[in-house]
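**Student:** What follows is start35.cif; its format and atoms are mmCIF, C-alpha atoms and all ligand atoms.
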data_run
loop_
_atom_site.group_PDB
_atom_site.id
_atom_site.type_symbol
_atom_site.label_atom_id
_atom_site.label_comp_id
_atom_site.auth_asym_id
_atom_site.auth_seq_id
_atom_site.Cartn_x
_atom_site.Cartn_y
_atom_site.Cartn_z
ATOM 1 C CA MET O 1 0.713 99.741 141.703
ATOM 2 C CA SER O 2 1.291 96.802 139.432
ATOM 3 C CA ILE O 3 3.936 94.091 139.142
ATOM 4 C CA SER O 4 6.069 96.445 137.063
ATOM 5 C CA ASP O 5 5.863 99.039 139.850
ATOM 6 C CA VAL O 6 7.046 96.404 142.303
ATOM 7 C CA LEU O 7 9.932 95.577 139.953
ATOM 8 C CA ALA O 8 10.750 99.271 139.667
ATOM 9 C CA GLU O 9 10.930 99.301 143.438
ATOM 10 C CA TYR O 10 13.767 96.756 143.241
ATOM 11 C CA ASP O 11 15.643 99.088 140.890
ATOM 12 C CA ARG O 12 15.207 101.873 143.365
ATOM 13 C CA ILE O 13 16.454 99.692 146.258
ATOM 14 C CA GLN O 14 19.484 98.585 144.228
ATOM 15 C CA ARG O 15 20.397 102.179 143.433
ATOM 16 C CA GLN O 16 19.922 103.220 147.029
ATOM 17 C CA ASN O 17 22.133 100.397 148.287
ATOM 18 C CA GLU O 18 24.751 101.176 145.645
ATOM 19 C CA THR O 19 24.831 104.754 146.901
ATOM 20 C CA GLU O 20 25.246 103.496 150.450
ATOM 21 C CA LYS O 21 28.080 101.185 149.391
ATOM 22 C CA ASN O 22 29.876 104.098 147.684
ATOM 23 C CA ARG O 23 29.384 106.295 150.709
ATOM 24 C CA ARG O 24 30.978 103.645 152.922
ATOM 25 C CA ARG O 25 33.878 103.323 150.509
ATOM 26 C CA ARG O 26 34.573 107.031 150.477
ATOM 27 C CA GLN O 27 34.441 107.078 154.261
ATOM 28 C CA ALA O 28 36.836 104.137 154.634
ATOM 29 C CA TYR O 29 39.251 105.428 151.938
ATOM 30 C CA LYS O 30 39.426 108.770 153.666
ATOM 31 C CA LYS O 31 40.427 107.122 156.908
ATOM 32 C CA VAL O 32 42.689 104.457 155.350
ATOM 33 C CA PRO O 33 43.989 105.648 151.944
ATOM 34 C CA GLU O 34 45.940 102.416 151.478
ATOM 35 C CA LEU O 35 42.648 100.538 151.204
ATOM 36 C CA LYS O 36 41.863 102.294 147.963
ATOM 37 C CA GLU O 37 45.170 101.228 146.434
ATOM 38 C CA ILE O 38 44.589 97.618 147.487
ATOM 39 C CA HIS O 39 41.075 97.598 146.072
ATOM 40 C CA GLU O 40 42.292 98.997 142.759
ATOM 41 C CA LYS O 41 45.082 96.439 142.617
ATOM 42 C CA VAL O 42 42.611 93.608 143.325
ATOM 43 C CA LYS O 43 40.370 94.881 140.550
ATOM 44 C CA THR O 44 43.243 94.926 138.055
ATOM 45 C CA LEU O 45 44.325 91.425 139.022
ATOM 46 C CA GLN O 46 40.769 90.126 138.743
ATOM 47 C CA ILE O 47 40.453 91.540 135.234
ATOM 48 C CA GLU O 48 43.775 89.953 134.269
ATOM 49 C CA ARG O 49 42.609 86.636 135.674
ATOM 50 C CA LEU O 50 39.416 86.879 133.700
ATOM 51 C CA LYS O 51 41.332 87.549 130.490
ATOM 52 C CA GLN O 52 43.613 84.596 131.236
ATOM 53 C CA SER O 53 40.726 82.247 131.848
ATOM 54 C CA ILE O 54 39.086 83.326 128.583
ATOM 55 C CA SER O 55 42.293 82.494 126.735
ATOM 56 C CA GLY O 56 42.473 79.112 128.467
ATOM 57 C CA HIS O 57 45.020 79.865 131.191
ATOM 58 C CA SER O 58 44.178 79.620 134.828
ATOM 59 C CA GLY O 59 45.715 82.590 136.571
ATOM 60 C CA ASP O 60 47.033 82.680 140.106
ATOM 61 C CA LYS O 61 44.542 83.524 142.840
ATOM 62 C CA ASP O 62 46.916 83.707 145.787
ATOM 63 C CA GLU O 63 47.941 87.311 145.308
ATOM 64 C CA ILE O 64 44.309 88.420 145.190
ATOM 65 C CA LEU O 65 43.449 86.479 148.337
ATOM 66 C CA ALA O 66 46.446 87.902 150.193
ATOM 67 C CA LEU O 67 45.482 91.450 149.204
ATOM 68 C CA GLN O 68 41.875 90.888 150.237
ATOM 69 C CA GLU O 69 43.025 89.623 153.613
ATOM 70 C CA LYS O 70 45.229 92.642 154.050
ATOM 71 C CA ALA O 71 42.316 94.915 153.213
ATOM 72 C CA ILE O 72 40.213 93.296 155.940
ATOM 73 C CA THR O 73 42.994 93.768 158.480
ATOM 74 C CA LEU O 74 43.354 97.434 157.556
ATOM 75 C CA LEU O 75 39.605 97.863 157.790
ATOM 76 C CA THR O 76 39.196 96.246 161.202
ATOM 77 C CA ASP O 77 42.300 98.001 162.552
ATOM 78 C CA ALA O 78 40.652 101.279 161.616
ATOM 79 C CA GLY O 79 37.626 100.291 163.680
ATOM 80 C CA PHE O 80 35.257 99.159 160.905
ATOM 81 C CA ASP O 81 33.371 95.893 160.772
ATOM 82 C CA GLN O 82 35.120 93.416 158.458
ATOM 83 C CA HIS O 83 32.010 93.330 156.229
ATOM 84 C CA TYR O 84 31.629 97.105 156.128
ATOM 85 C CA LEU O 85 32.585 97.353 152.459
ATOM 86 C CA ASP O 86 30.722 94.255 151.309
ATOM 87 C CA PRO O 87 27.864 94.817 148.867
ATOM 88 C CA VAL O 88 24.794 96.199 150.666
ATOM 89 C CA TYR O 89 21.607 94.184 150.210
ATOM 90 C CA THR O 90 18.221 94.896 151.703
ATOM 91 C CA CYS O 91 17.372 91.260 150.989
ATOM 92 C CA PRO O 92 20.536 89.136 150.912
ATOM 93 C CA ALA O 93 18.519 86.078 149.800
ATOM 94 C CA CYS O 94 17.808 87.512 146.336
ATOM 95 C CA ARG O 95 20.359 90.345 146.338
ATOM 96 C CA ASP O 96 17.506 92.795 145.781
ATOM 97 C CA THR O 97 16.411 91.253 142.508
ATOM 98 C CA GLY O 98 13.183 89.664 143.805
ATOM 99 C CA VAL O 99 14.221 86.388 142.192
ATOM 100 C CA ILE O 100 16.104 83.395 143.569
ATOM 101 C CA ASP O 101 18.055 80.993 141.333
ATOM 102 C CA GLY O 102 16.910 82.883 138.275
ATOM 103 C CA ALA O 103 13.378 81.554 138.429
ATOM 104 C CA GLN O 104 11.757 81.475 141.830
ATOM 105 C CA ARG O 105 10.117 84.562 143.362
ATOM 106 C CA CYS O 106 11.833 85.547 146.582
ATOM 107 C CA GLY O 107 9.810 85.806 149.806
ATOM 108 C CA CYS O 108 10.458 89.548 149.784
ATOM 109 C CA PHE O 109 8.729 89.810 146.405
ATOM 110 C CA LYS O 110 5.585 88.120 147.691
ATOM 111 C CA LYS O 111 5.681 90.360 150.741
ATOM 112 C CA ARG O 112 5.926 93.447 148.549
ATOM 113 C CA VAL O 113 3.003 92.396 146.374
ATOM 114 C CA LEU O 114 0.883 91.744 149.457
ATOM 115 C CA GLU O 115 1.850 95.085 150.972
ATOM 116 C CA ASP O 116 1.086 96.773 147.710
ATOM 117 C CA LYS O 117 -2.391 95.268 147.678
ATOM 118 C CA LEU O 118 -2.971 96.263 151.287
ATOM 119 C CA ASP O 119 -1.892 99.782 150.483
ATOM 120 C CA ALA O 120 -3.882 102.169 152.695
ATOM 121 C CA ALA O 121 -4.460 99.498 155.343
ATOM 122 C CA ARG O 122 -0.791 99.681 156.193
ATOM 123 C CA LEU O 123 -0.607 102.367 158.803
ATOM 124 C CA THR O 124 2.522 104.387 158.672
ATOM 125 C CA ASP O 125 1.792 106.949 161.350
ATOM 126 C CA SER O 126 5.240 107.435 162.811
ATOM 127 C CA SER O 127 3.947 109.161 165.941
ATOM 128 C CA VAL O 128 2.505 105.905 167.256
ATOM 129 C CA SER O 129 4.979 103.514 168.862
ATOM 130 C CA PHE O 130 5.845 101.889 172.166
ATOM 131 C CA GLU O 131 8.862 104.204 172.304
ATOM 132 C CA GLN O 132 6.658 107.280 172.119
ATOM 133 C CA PHE O 133 3.968 105.886 174.386
ATOM 134 C CA ASN O 134 3.517 108.562 177.035
ATOM 135 C CA ILE O 135 2.485 106.839 180.214
ATOM 136 C CA ASP O 136 2.337 110.153 182.078
ATOM 137 C CA ILE O 137 -0.944 111.152 180.496
ATOM 138 C CA PHE O 138 -2.587 108.584 182.767
ATOM 139 C CA ASP O 139 -3.732 109.416 186.266
ATOM 140 C CA ASP O 140 -1.630 107.974 189.085
ATOM 141 C CA LYS O 141 -4.299 108.200 191.796
ATOM 142 C CA PRO O 142 -5.204 104.736 193.083
ATOM 143 C CA ILE O 143 -8.590 103.635 191.760
ATOM 144 C CA GLU O 144 -8.828 99.893 192.141
ATOM 145 C CA LYS O 145 -7.093 97.710 194.730
ATOM 146 C CA GLY O 146 -4.498 100.402 195.306
ATOM 147 C CA LYS O 147 -3.640 100.512 191.597
ATOM 148 C CA SER O 148 -3.870 103.646 189.516
ATOM 149 C CA GLN O 149 -4.840 104.019 185.882
ATOM 150 C CA LYS O 150 -1.181 104.581 185.173
ATOM 151 C CA ASP O 151 -0.185 101.300 186.894
ATOM 152 C CA GLN O 152 -2.729 99.472 184.785
ATOM 153 C CA MET O 153 -1.535 101.049 181.564
ATOM 154 C CA VAL O 154 2.035 100.067 182.394
ATOM 155 C CA SER O 155 0.983 96.454 182.717
ATOM 156 C CA TYR O 156 -1.164 96.517 179.530
ATOM 157 C CA LYS O 157 1.755 97.987 177.673
ATOM 158 C CA GLN O 158 4.095 95.282 178.951
ATOM 159 C CA VAL O 159 1.793 92.504 177.818
ATOM 160 C CA ALA O 160 1.238 94.143 174.437
ATOM 161 C CA GLU O 161 4.913 94.816 173.868
ATOM 162 C CA ALA O 162 5.823 91.242 174.785
ATOM 163 C CA TYR O 163 3.233 90.042 172.269
ATOM 164 C CA ALA O 164 4.737 92.213 169.525
ATOM 165 C CA ASN O 165 8.275 91.157 170.384
ATOM 166 C CA LYS O 166 7.378 87.471 170.251
ATOM 167 C CA PHE O 167 5.404 87.746 167.022
ATOM 168 C CA PRO O 168 4.766 85.348 165.256
ATOM 169 C CA ASP O 169 5.468 83.028 168.204
ATOM 170 C CA CYS O 170 2.479 84.258 170.146
ATOM 171 C CA LEU O 171 -1.176 83.203 170.317
ATOM 172 C CA PRO O 172 -3.110 83.781 167.062
ATOM 173 C CA VAL O 173 -5.768 86.024 168.578
ATOM 174 C CA LEU O 174 -5.235 89.026 170.793
ATOM 175 C CA LEU O 175 -8.370 90.598 172.163
ATOM 176 C CA LEU O 176 -8.164 94.160 173.430
ATOM 177 C CA SER O 177 -11.370 94.844 175.246
ATOM 178 C CA GLY O 178 -12.729 97.563 177.513
ATOM 179 C CA GLY O 179 -14.398 100.969 177.604
ATOM 180 C CA ILE O 180 -13.948 103.828 175.166
ATOM 181 C CA GLY O 181 -10.965 106.158 175.455
ATOM 182 C CA LEU O 182 -8.639 103.851 177.385
ATOM 183 C CA GLY O 183 -5.927 103.595 174.755
ATOM 184 C CA LYS O 184 -6.819 100.252 173.150
ATOM 185 C CA THR O 185 -6.473 101.501 169.590
ATOM 186 C CA TYR O 186 -3.200 103.192 170.423
ATOM 187 C CA ILE O 187 -1.810 99.984 171.939
ATOM 188 C CA ALA O 188 -2.961 97.965 168.914
ATOM 189 C CA LYS O 189 -1.184 100.384 166.580
ATOM 190 C CA CYS O 190 1.975 100.211 168.712
ATOM 191 C CA ILE O 191 1.946 96.425 168.335
ATOM 192 C CA MET O 192 1.445 96.809 164.598
ATOM 193 C CA ARG O 193 4.338 99.183 164.289
ATOM 194 C CA ARG O 194 6.702 96.938 166.222
ATOM 195 C CA VAL O 195 5.622 93.878 164.233
ATOM 196 C CA ILE O 196 6.263 95.752 160.973
ATOM 197 C CA GLU O 197 9.620 97.021 162.213
ATOM 198 C CA ARG O 198 10.531 93.412 162.913
ATOM 199 C CA GLY O 199 10.050 92.658 159.226
ATOM 200 C CA ASN O 200 6.476 91.364 159.104
ATOM 201 C CA THR O 201 3.486 92.561 157.151
ATOM 202 C CA ALA O 202 0.459 93.888 158.996
ATOM 203 C CA ALA O 203 -2.777 95.646 158.148
ATOM 204 C CA TYR O 204 -5.224 97.788 160.074
ATOM 205 C CA TYR O 205 -8.938 98.066 159.370
ATOM 206 C CA THR O 206 -11.749 99.607 161.314
ATOM 207 C CA ALA O 207 -14.590 97.135 161.579
ATOM 208 C CA TYR O 208 -16.725 99.622 159.704
ATOM 209 C CA ARG O 209 -14.394 99.658 156.718
ATOM 210 C CA LEU O 210 -13.719 95.936 156.765
ATOM 211 C CA PHE O 211 -17.368 94.929 156.911
ATOM 212 C CA SER O 212 -18.325 97.395 154.243
ATOM 213 C CA LEU O 213 -15.764 95.676 151.978
ATOM 214 C CA PHE O 214 -17.380 92.358 152.884
ATOM 215 C CA HIS O 215 -20.790 93.803 152.119
ATOM 216 C CA ARG O 216 -19.707 95.058 148.700
ATOM 217 C CA HIS O 217 -18.051 91.717 147.997
ATOM 218 C CA ARG O 218 -21.294 89.981 148.929
ATOM 219 C CA LEU O 219 -23.165 92.221 146.501
ATOM 220 C CA GLY O 220 -20.899 91.014 143.728
ATOM 221 C CA GLU O 221 -18.454 93.893 143.482
ATOM 222 C CA ASN O 222 -14.982 92.942 142.369
ATOM 223 C CA ILE O 223 -13.214 93.290 145.706
ATOM 224 C CA ASP O 224 -10.004 91.363 146.319
ATOM 225 C CA LEU O 225 -10.302 90.019 149.855
ATOM 226 C CA ASP O 226 -7.241 87.767 149.615
ATOM 227 C CA PRO O 227 -4.844 90.210 151.250
ATOM 228 C CA ILE O 228 -7.176 90.506 154.260
ATOM 229 C CA PHE O 229 -7.316 86.745 154.595
ATOM 230 C CA GLU O 230 -3.567 86.329 154.038
ATOM 231 C CA VAL O 231 -1.841 89.170 155.846
ATOM 232 C CA PRO O 232 0.272 87.800 158.734
ATOM 233 C CA LEU O 233 -1.131 90.320 161.234
ATOM 234 C CA LEU O 234 -4.595 91.813 160.831
ATOM 235 C CA ILE O 235 -5.950 94.407 163.231
ATOM 236 C CA ILE O 236 -9.686 94.967 163.334
ATOM 237 C CA ASP O 237 -10.547 98.020 165.371
ATOM 238 C CA ASP O 238 -13.879 98.794 166.980
ATOM 239 C CA ILE O 239 -15.553 95.453 166.425
ATOM 240 C CA GLY O 240 -19.180 95.903 167.376
ATOM 241 C CA THR O 241 -19.659 99.340 165.812
ATOM 242 C CA GLU O 242 -20.178 98.043 162.272
ATOM 243 C CA PRO O 243 -23.770 97.756 161.037
ATOM 244 C CA MET O 244 -25.178 94.240 161.272
ATOM 245 C CA THR O 245 -26.066 92.970 157.825
ATOM 246 C CA ARG O 246 -27.887 89.716 157.320
ATOM 247 C CA ASN O 247 -25.795 87.061 155.565
ATOM 248 C CA VAL O 248 -22.715 89.241 155.765
ATOM 249 C CA THR O 249 -21.530 90.300 159.209
ATOM 250 C CA VAL O 250 -21.555 86.994 161.070
ATOM 251 C CA GLU O 251 -20.795 84.834 158.030
ATOM 252 C CA TYR O 252 -17.799 86.804 156.792
ATOM 253 C CA PHE O 253 -16.474 87.338 160.305
ATOM 254 C CA PHE O 254 -16.610 83.608 160.979
ATOM 255 C CA ASP O 255 -14.923 82.783 157.665
ATOM 256 C CA LEU O 256 -12.239 85.318 158.383
ATOM 257 C CA ILE O 257 -11.473 83.982 161.862
ATOM 258 C CA ASN O 258 -11.648 80.435 160.600
ATOM 259 C CA GLU O 259 -9.403 80.914 157.578
ATOM 260 C CA ARG O 260 -6.937 82.974 159.551
ATOM 261 C CA SER O 261 -6.530 80.322 162.245
ATOM 262 C CA GLY O 262 -2.842 79.942 161.406
ATOM 263 C CA LEU O 263 -2.264 83.700 161.202
ATOM 264 C CA HIS O 264 -2.545 86.484 163.759
ATOM 265 C CA THR O 265 -5.506 88.751 164.369
ATOM 266 C CA ILE O 266 -5.896 91.540 166.897
ATOM 267 C CA ILE O 267 -9.449 92.440 167.748
ATOM 268 C CA VAL O 268 -10.215 95.707 169.473
ATOM 269 C CA THR O 269 -13.645 96.103 170.941
ATOM 270 C CA ASN O 270 -15.738 98.051 173.425
ATOM 271 C CA LEU O 271 -18.188 95.165 173.659
ATOM 272 C CA PRO O 272 -18.314 93.171 176.881
ATOM 273 C CA PHE O 273 -17.608 89.510 176.168
ATOM 274 C CA GLU O 274 -21.213 88.394 176.701
ATOM 275 C CA GLU O 275 -22.287 90.868 174.034
ATOM 276 C CA ILE O 276 -19.829 89.368 171.564
ATOM 277 C CA ASN O 277 -21.723 86.152 172.103
ATOM 278 C CA ALA O 278 -25.112 87.819 171.683
ATOM 279 C CA ARG O 279 -24.057 89.721 168.580
ATOM 280 C CA TYR O 280 -21.946 87.199 166.645
ATOM 281 C CA GLY O 281 -23.081 83.917 168.112
ATOM 282 C CA GLU O 282 -21.469 81.078 169.997
ATOM 283 C CA ARG O 283 -19.191 79.893 167.160
ATOM 284 C CA ILE O 284 -17.331 83.195 166.927
ATOM 285 C CA HIS O 285 -17.487 83.836 170.663
ATOM 286 C CA SER O 286 -15.864 80.500 171.487
ATOM 287 C CA ARG O 287 -13.170 81.024 168.821
ATOM 288 C CA LEU O 288 -12.264 84.360 170.313
ATOM 289 C CA MET O 289 -12.435 83.250 173.938
ATOM 290 C CA ASP O 290 -10.600 79.923 173.686
ATOM 291 C CA THR O 291 -7.497 80.514 175.775
ATOM 292 C CA ARG O 292 -5.525 77.983 173.738
ATOM 293 C CA HIS O 293 -5.697 80.375 170.794
ATOM 294 C CA SER O 294 -6.474 83.695 172.317
ATOM 295 C CA GLN O 295 -4.932 86.132 174.741
ATOM 296 C CA LYS O 296 -6.875 89.006 176.262
ATOM 297 C CA ILE O 297 -6.089 92.405 177.626
ATOM 298 C CA ILE O 298 -9.067 93.919 179.395
ATOM 299 C CA PHE O 299 -8.704 97.665 179.742
ATOM 300 C CA ARG O 300 -10.239 99.197 182.848
ATOM 301 C CA GLY O 301 -10.511 102.769 184.044
ATOM 302 C CA LYS O 302 -11.646 106.216 182.971
ATOM 303 C CA ASP O 303 -11.862 107.657 179.498
ATOM 304 C CA ILE O 304 -8.669 109.713 179.076
ATOM 305 C CA ARG O 305 -10.232 111.989 176.491
ATOM 306 C CA TYR O 306 -12.325 113.843 179.105
HETATM 307 ZN ZN ZN U 401 14.435 88.876 148.408
#
Re-express the file's structure as structure tokens.
Ligand SMILES: [Zn+2]
**Tutor:**
Amino acid sequence: MSISDVLAEYDRIQRQNETEKNRRRRQAYKKVPELKEIHEKVKTLQIERLKQSISGHSGDKDEILALQEKAITLLTDAGFDQHYLDPVYTCPACRDTGVIDGAQRCGCFKKRVLEDKLDAARLTDSSVSFEQFNIDIFDDKPIEKGKSQKDQMVSYKQVAEAYANKFPDCLPVLLLSGGIGLGKTYIAKCIMRRVIERGNTAAYYTAYRLFSLFHRHRLGENIDLDPIFEVPLLIIDDIGTEPMTRNVTVEYFFDLINERSGLHTIIVTNLPFEEINARYGERIHSRLMDTRHSQKIIFRGKDIRY
């Protein structure tokens, strides 16, 4: 996609919202036929007023205002919200034009361009969400201090969901650590989905894919890493499984963590913490472990896949 594709997207949104506005009108007119008459009358008066102002007269506004007030009363009496027939905008700030004050790009435009660049890294698997999280697949036999796997998953889920609900007012790093097959990736994707549903942009990369992009970038390929460094929430899954490449793995990982210090990063790993230190060094280890910046969920229990 290019800028013109993004602009075309605004056209599509405008048409879609226009359709929705018309649907609401038909629905309200069916229930309150008088509304339609009032709206038509207002339209006629507005056109008259416009003609008058062009010819130098200032027409009377009172009748229009009175009719508009009456329309709102009819609408609310019929059980609709008073703004139900207002224009529908996905982004009220720019009225779905992508531009504010005729010149400045709206925040939603920048978001769209970023999302466009992230493309495949934006997971849209609709089967993964906190709502669909099935806690019953976990064993409820007590395994540790009277707690079952299921009890533990319930508490991991609570912490993760709270993190997603607070985003971006939560610690910049979330570390999901523990053995294979305990649901870490699933939880990370649930957070991502919630964060996206709350209007933010997020991206998901396996460490393998991310570091291979870094490697190609290092070799001089024209790879745009900006979106990875700029996306508000970045999930890196399976840290520790990527091949270690001299002058790439540790260096790029450190740069990434460093440059993203004001943004949010979720790191999913099977590595015990001491191995993070051994593999990536003290600088990265201390960044990830510093409790002022980082929150941890340590998954314990049995692999649910077997
Ligand atoms: Zn906008």
**Student:** Using all atoms listed in the file, which protein or nucleic acid residues are at most 8 Å from ligand ZN 401 (chain U), as a list in words?
**Tutor:**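 Taking all atoms listed in the file into account, the residues around ligand ZN 401 (chain U) at most 8 Å away are Thr90, Cys91, Pro92, Ala93, Cys94, Arg95, Asp96, Thr97, Gly98, Val99, Ile100, Arg105, Cys106, Gly107, Cys108 and Phe109 of chain O.
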**Student:** Can you tell me, as a ChimeraX atom specification, what residues are no more than 9 Å from Arg218 in chain O when counting all atoms listed in the file, ignoring any on the same chain fewer than 3 positions away?
**Tutor:** /O:213-215,221,247-248
**Student:** Considering all atoms listed in the file, can you say which of O:Pro168, O:Glu144, O:Asp224, O:Ile180 comes closest to Arg198 in chain O?
**Tutor:**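 Selected residue with least distance to Arg198 in chain O: O:Pro168.
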**Student:** Using the chain letters and numbers from this file, what does the PyMOL selection byres (((chain O and resi 244) around 12) and not hetatm) select? Give the answer as a VMD selection string.
**Tutor:** chain O and resid 207 to 208 211 to 212 214 to 215 239 to 243 245 to 253 279 to 280
**Student:** Give me, please, the distance in Å between CA of His83 in chain O and CA of Arg15 in chain O, quoted to one decimal.
**Tutor:** 19.4 Å
**Student:** Can you check which parts of range 175-294 of chain O lie within 7 Å of range 127-136 of chain O? Per residue, the shortest pair of atoms and distance in Å to one decimal, counting all atoms listed in the file, sorted by chain and number, as a tab-separated table.
**Tutor:**
residue	atom	partner	partner_atom	distance
O:Lys189	CA	O:Val128	CA	6.7
O:Cys190	CA	O:Ser129	CA	4.5
O:Arg193	CA	O:Ser129	CA	6.3
**Student:** Take CA of Met192 in chain O and CA of Asp119 in chain O and report the distance between them in Å, one decimal.
**Tutor:** 14.8 Å
**Student:** Which residue, O:Tyr84, O:Glu48, O:Gly79, O:Arg112, has the smallest gap to Ser4 in chain O when you use only C-alpha atoms?
**Tutor:**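 Closest to Ser4 in chain O of all the choices is O:Arg112.
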**Student:** Taking all atoms listed in the file into account, name the residue in O:Lys117, O:Lys296, O:Arg209, O:Lys30 that is nearest to Leu174 in chain O.
**Tutor:**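 Once distances to Leu174 in chain O are computed over all atoms listed in the file, the minimum belongs to O:Lys296.
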**Student:** Between CA of Met153 in chain O and CA of Lys302 in chain O, what distance in Å does the model show, to one decimal?
**Tutor:**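 Atom-to-atom, CA of Met153 in chain O to CA of Lys302 in chain O, that is 11.4 Å.
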**Student:** Please write the residues picked by the PyMOL selection byres (((chain O and resi 258) around 12) and not hetatm) on this file as a PyMOL selection string.
**Tutor:** chain O and resi 172-173+229-230+250-257+259-265+283-284+286-288+293
**Student:** Determine the residue membership of the PyMOL selection byres (((chain O and resi 38) around 12) and not hetatm) for the file above and supply it as a ChimeraX atom specification.
**Tutor:** /O:29,32-37,39-45,63-75
**Student:** Nearest to Asp86 in chain O among O:Gly281, O:Glu274, O:Gly199, O:Glu20, with distances taken over only C-alpha atoms: which residue is it?
**Tutor:**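 With only C-alpha atoms as the atom set, the closest residue is O:Glu20.
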**Student:** Do you know which residues lie at most 10 Å from (-5.6, 98.7, 152.7), with coordinates as in the file and all atoms listed in the file counted, and could you write them as an MDAnalysis selection string?
**Tutor:** chainID O and resid 115:123 202:205 209:210 227:228
**Student:** Can I get the selected residues back with C-alpha atoms, as an mmCIF file, keeping the file's coordinate frame?
**Tutor:**
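Resulting contents of out_33.cif:
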data_model
loop_
_atom_site.group_PDB
_atom_site.id
_atom_site.type_symbol
_atom_site.label_atom_id
_atom_site.label_comp_id
_atom_site.auth_asym_id
_atom_site.auth_seq_id
_atom_site.Cartn_x
_atom_site.Cartn_y
_atom_site.Cartn_z
ATOM 1 C CA GLU O 115 1.850 95.085 150.972
ATOM 2 C CA ASP O 116 1.086 96.773 147.710
ATOM 3 C CA LYS O 117 -2.391 95.268 147.678
ATOM 4 C CA LEU O 118 -2.971 96.263 151.287
ATOM 5 C CA ASP O 119 -1.892 99.782 150.483
ATOM 6 C CA ALA O 120 -3.882 102.169 152.695
ATOM 7 C CA ALA O 121 -4.460 99.498 155.343
ATOM 8 C CA ARG O 122 -0.791 99.681 156.193
ATOM 9 C CA LEU O 123 -0.607 102.367 158.803
ATOM 10 C CA ALA O 202 0.459 93.888 158.996
ATOM 11 C CA ALA O 203 -2.777 95.646 158.148
ATOM 12 C CA TYR O 204 -5.224 97.788 160.074
ATOM 13 C CA TYR O 205 -8.938 98.066 159.370
ATOM 14 C CA ARG O 209 -14.394 99.658 156.718
ATOM 15 C CA LEU O 210 -13.719 95.936 156.765
ATOM 16 C CA PRO O 227 -4.844 90.210 151.250
ATOM 17 C CA ILE O 228 -7.176 90.506 154.260
#
**Student:** For Leu176 in chain O, which residue out of O:Ala164, O:Val195, O:Leu219, O:Leu271 is the nearest one, using only C-alpha atoms?
**Tutor:**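 Distance minimum relative to Leu176 in chain O lands on O:Leu271.
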